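Engineer: Sharing a structure with you now.
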Amino acid sequence: MLNAVIQIAFAMIALAMVLSLYRMVRGPDATDRILALDTLYINTIALLVLLGINTSNSAYFESALLIAIMGFVGTVALSKYLLRGNIIE
């Protein structure tokens with residue numbers, strides 16, 4: 001039962017990633033593109049966690065944590081750039 005649920009979750013997350021990528025490319029505004037990129041990070045984290053559960057390998061959890069950190073820093077930097085025009089004050 002768990003294998004079937006994981007396969008369905010893989011498909012749903014892949015669909016969410018495709019839709020986020022579409023919004024990132026065709027977004028009407030820069031803020032929409034930043035939010036789509038942040039959503040793409042979150043979907044990537046979910047995909048890696050599912051892959052770690054499926055293979056019983058803890059290396060995927062560590063890589064998901066690294067992507068989460070990089071995604072947070074990137075989102076904050078891009079948001080600050082849009083708000084003020086520079087990143088470092």
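Naming scheme: A, B, ... for chains in displayed order of the structure tokens; residues 1 onward per chain; ligands 1 onward as shown.
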Write out as JSON, numbers by chain the residues lying within 12 Å of Ile34 (chain A), counting only C-alpha atoms and excluding same-chain residues fewer than 3 positions away.
Structural biologist: {"A": [20, 21, 23, 24, 25, 26, 27, 28, 29, 30, 31, 37, 38, 39, 40, 41, 71, 72, 74, 75, 76, 77, 78, 79, 80, 81, 82]}
Engineer: Write the residues of the selection above to a file with C-alpha atoms, as a PDB file, in the first residue's frame.
Structural biologist:
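As written to disk, selection.pdb reads:
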```
ATOM      1  CA  SER A  20       5.153  25.961 -10.938  1.00  0.00           C
ATOM      2  CA  LEU A  21       7.645  25.991 -13.778  1.00  0.00           C
ATOM      3  CA  ARG A  23       4.064  30.055 -13.673  1.00  0.00           C
ATOM      4  CA  MET A  24       7.744  30.922 -13.298  1.00  0.00           C
ATOM      5  CA  VAL A  25       8.212  31.235 -17.053  1.00  0.00           C
ATOM      6  CA  ARG A  26       4.896  32.899 -17.923  1.00  0.00           C
ATOM      7  CA  GLY A  27       4.267  34.828 -14.709  1.00  0.00           C
ATOM      8  CA  PRO A  28       2.763  38.259 -15.259  1.00  0.00           C
ATOM      9  CA  ASP A  29       4.960  39.927 -12.657  1.00  0.00           C
ATOM     10  CA  ALA A  30       8.333  39.445 -10.998  1.00  0.00           C
ATOM     11  CA  THR A  31       6.721  38.710  -7.633  1.00  0.00           C
ATOM     12  CA  LEU A  37      10.470  29.636  -7.685  1.00  0.00           C
ATOM     13  CA  ASP A  38       9.840  29.272  -3.959  1.00  0.00           C
ATOM     14  CA  THR A  39       7.066  26.773  -4.668  1.00  0.00           C
ATOM     15  CA  LEU A  40       9.427  24.885  -6.959  1.00  0.00           C
ATOM     16  CA  TYR A  41      11.932  24.644  -4.091  1.00  0.00           C
ATOM     17  CA  GLY A  71      15.765  28.180  -1.255  1.00  0.00           C
ATOM     18  CA  PHE A  72      15.079  30.333   1.792  1.00  0.00           C
ATOM     19  CA  GLY A  74      17.438  32.834  -2.438  1.00  0.00           C
ATOM     20  CA  THR A  75      13.839  33.877  -1.841  1.00  0.00           C
ATOM     21  CA  VAL A  76      14.847  36.424   0.781  1.00  0.00           C
ATOM     22  CA  ALA A  77      17.573  37.856  -1.454  1.00  0.00           C
ATOM     23  CA  LEU A  78      15.287  38.166  -4.479  1.00  0.00           C
ATOM     24  CA  SER A  79      12.500  39.706  -2.412  1.00  0.00           C
ATOM     25  CA  LYS A  80      14.874  42.206  -0.862  1.00  0.00           C
ATOM     26  CA  TYR A  81      16.209  43.081  -4.305  1.00  0.00           C
ATOM     27  CA  LEU A  82      12.702  43.759  -5.604  1.00  0.00           C
TER      28      LEU A  82
END
```
Engineer: Give me the residues near region 46-54 of chain A as a list in words, where near means some atom within 10 Å (using only C-alpha atoms) and where sequence neighbours in that chain fewer than 3 positions away do not count.
Structural biologist: Leu2, Asn3, Ile6, Gln7, Ala9, Phe10, Ala11, Met12, Ile13, Ala14, Met17, Leu40, Tyr41, Ile42, Asn43, Asn57, Ser58, Ala59, Tyr60, Phe61, Glu62, Ser63, Ala64, Leu65 and Ile67 of chain A
Engineer: Could you dump the residues just selected with N, CA and C atoms as a PDB file, in the first residue's frame?
Structural biologist:
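again39.pdb was written with the following content:
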```pdb
ATOM      1  N   LEU A   2       1.948   1.263   0.769  1.00  0.00           N
ATOM      2  CA  LEU A   2       2.816   2.431   0.837  1.00  0.00           C
ATOM      3  C   LEU A   2       3.479   2.706  -0.508  1.00  0.00           C
ATOM      4  N   ASN A   3       3.849   1.672  -1.240  1.00  0.00           N
ATOM      5  CA  ASN A   3       4.476   1.863  -2.544  1.00  0.00           C
ATOM      6  C   ASN A   3       3.521   2.521  -3.529  1.00  0.00           C
ATOM      7  N   ILE A   6       3.193   6.216  -2.568  1.00  0.00           N
ATOM      8  CA  ILE A   6       4.398   6.966  -2.926  1.00  0.00           C
ATOM      9  C   ILE A   6       4.437   7.241  -4.426  1.00  0.00           C
ATOM     10  N   GLN A   7       4.042   6.278  -5.235  1.00  0.00           N
ATOM     11  CA  GLN A   7       4.022   6.493  -6.682  1.00  0.00           C
ATOM     12  C   GLN A   7       2.999   7.561  -7.071  1.00  0.00           C
ATOM     13  N   ALA A   9       2.023  10.001  -5.111  1.00  0.00           N
ATOM     14  CA  ALA A   9       2.580  11.263  -4.632  1.00  0.00           C
ATOM     15  C   ALA A   9       3.674  11.775  -5.564  1.00  0.00           C
ATOM     16  N   PHE A  10       4.505  10.870  -6.106  1.00  0.00           N
ATOM     17  CA  PHE A  10       5.508  11.268  -7.093  1.00  0.00           C
ATOM     18  C   PHE A  10       4.840  11.954  -8.290  1.00  0.00           C
ATOM     19  N   ALA A  11       3.773  11.364  -8.783  1.00  0.00           N
ATOM     20  CA  ALA A  11       3.072  11.928  -9.945  1.00  0.00           C
ATOM     21  C   ALA A  11       2.459  13.284  -9.619  1.00  0.00           C
ATOM     22  N   MET A  12       1.872  13.415  -8.442  1.00  0.00           N
ATOM     23  CA  MET A  12       1.251  14.685  -8.069  1.00  0.00           C
ATOM     24  C   MET A  12       2.292  15.785  -7.881  1.00  0.00           C
ATOM     25  N   ILE A  13       3.403  15.451  -7.265  1.00  0.00           N
ATOM     26  CA  ILE A  13       4.450  16.448  -7.062  1.00  0.00           C
ATOM     27  C   ILE A  13       5.095  16.828  -8.395  1.00  0.00           C
ATOM     28  N   ALA A  14       5.241  15.862  -9.290  1.00  0.00           N
ATOM     29  CA  ALA A  14       5.779  16.172 -10.618  1.00  0.00           C
ATOM     30  C   ALA A  14       4.838  17.120 -11.363  1.00  0.00           C
ATOM     31  N   MET A  17       5.258  20.516  -9.923  1.00  0.00           N
ATOM     32  CA  MET A  17       6.502  21.131 -10.379  1.00  0.00           C
ATOM     33  C   MET A  17       6.357  21.695 -11.797  1.00  0.00           C
ATOM     34  N   LEU A  40       8.623  25.925  -6.312  1.00  0.00           N
ATOM     35  CA  LEU A  40       9.427  24.885  -6.959  1.00  0.00           C
ATOM     36  C   LEU A  40      10.450  24.310  -5.984  1.00  0.00           C
ATOM     37  N   TYR A  41      11.030  25.147  -5.141  1.00  0.00           N
ATOM     38  CA  TYR A  41      11.932  24.644  -4.091  1.00  0.00           C
ATOM     39  C   TYR A  41      11.189  23.699  -3.145  1.00  0.00           C
ATOM     40  N   ILE A  42      10.010  24.103  -2.735  1.00  0.00           N
ATOM     41  CA  ILE A  42       9.244  23.279  -1.798  1.00  0.00           C
ATOM     42  C   ILE A  42       8.869  21.940  -2.425  1.00  0.00           C
ATOM     43  N   ASN A  43       8.479  21.974  -3.695  1.00  0.00           N
ATOM     44  CA  ASN A  43       8.154  20.725  -4.385  1.00  0.00           C
ATOM     45  C   ASN A  43       9.372  19.827  -4.533  1.00  0.00           C
ATOM     46  N   ASN A  57      17.050   5.747   2.270  1.00  0.00           N
ATOM     47  CA  ASN A  57      18.389   6.320   2.274  1.00  0.00           C
ATOM     48  C   ASN A  57      18.313   7.700   2.910  1.00  0.00           C
ATOM     49  N   SER A  58      19.113   7.944   3.925  1.00  0.00           N
ATOM     50  CA  SER A  58      19.050   9.209   4.647  1.00  0.00           C
ATOM     51  C   SER A  58      19.790  10.334   3.933  1.00  0.00           C
ATOM     52  N   ALA A  59      20.549  10.034   2.903  1.00  0.00           N
ATOM     53  CA  ALA A  59      21.269  11.087   2.169  1.00  0.00           C
ATOM     54  C   ALA A  59      20.288  12.028   1.477  1.00  0.00           C
ATOM     55  N   TYR A  60      19.136  11.523   1.074  1.00  0.00           N
ATOM     56  CA  TYR A  60      18.140  12.374   0.426  1.00  0.00           C
ATOM     57  C   TYR A  60      17.555  13.393   1.398  1.00  0.00           C
ATOM     58  N   PHE A  61      17.446  13.030   2.666  1.00  0.00           N
ATOM     59  CA  PHE A  61      16.930  13.962   3.660  1.00  0.00           C
ATOM     60  C   PHE A  61      17.916  15.101   3.891  1.00  0.00           C
ATOM     61  N   GLU A  62      19.200  14.791   3.888  1.00  0.00           N
ATOM     62  CA  GLU A  62      20.215  15.829   4.063  1.00  0.00           C
ATOM     63  C   GLU A  62      20.253  16.769   2.871  1.00  0.00           C
ATOM     64  N   SER A  63      20.111  16.228   1.678  1.00  0.00           N
ATOM     65  CA  SER A  63      20.093  17.090   0.496  1.00  0.00           C
ATOM     66  C   SER A  63      18.826  17.940   0.461  1.00  0.00           C
ATOM     67  N   ALA A  64      17.719  17.409   0.956  1.00  0.00           N
ATOM     68  CA  ALA A  64      16.492  18.201   1.043  1.00  0.00           C
ATOM     69  C   ALA A  64      16.669  19.361   2.017  1.00  0.00           C
ATOM     70  N   LEU A  65      17.382  19.126   3.098  1.00  0.00           N
ATOM     71  CA  LEU A  65      17.650  20.198   4.055  1.00  0.00           C
ATOM     72  C   LEU A  65      18.524  21.277   3.432  1.00  0.00           C
ATOM     73  N   ILE A  67      18.733  22.044   0.230  1.00  0.00           N
ATOM     74  CA  ILE A  67      17.921  22.767  -0.745  1.00  0.00           C
ATOM     75  C   ILE A  67      16.960  23.717  -0.041  1.00  0.00           C
TER      76      ILE A  67
END
```
Engineer: Rounded to one decimal in Å, what is the spacing between CA of Ile87 (chain A) and CA of Arg33 (chain A)?
Structural biologist: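 About the pair CA of Ile87 (chain A) and CA of Arg33 (chain A): they are 17.9 Å apart.
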Engineer: Counting only C-alpha atoms, which residue out of A:Leu83, A:Ala68, A:Ala4, A:Ala36 sits closest to Ala16 (chain A)?
Structural biologist: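 The shortest atom-to-atom distance to Ala16 (chain A) comes from A:Ala36.
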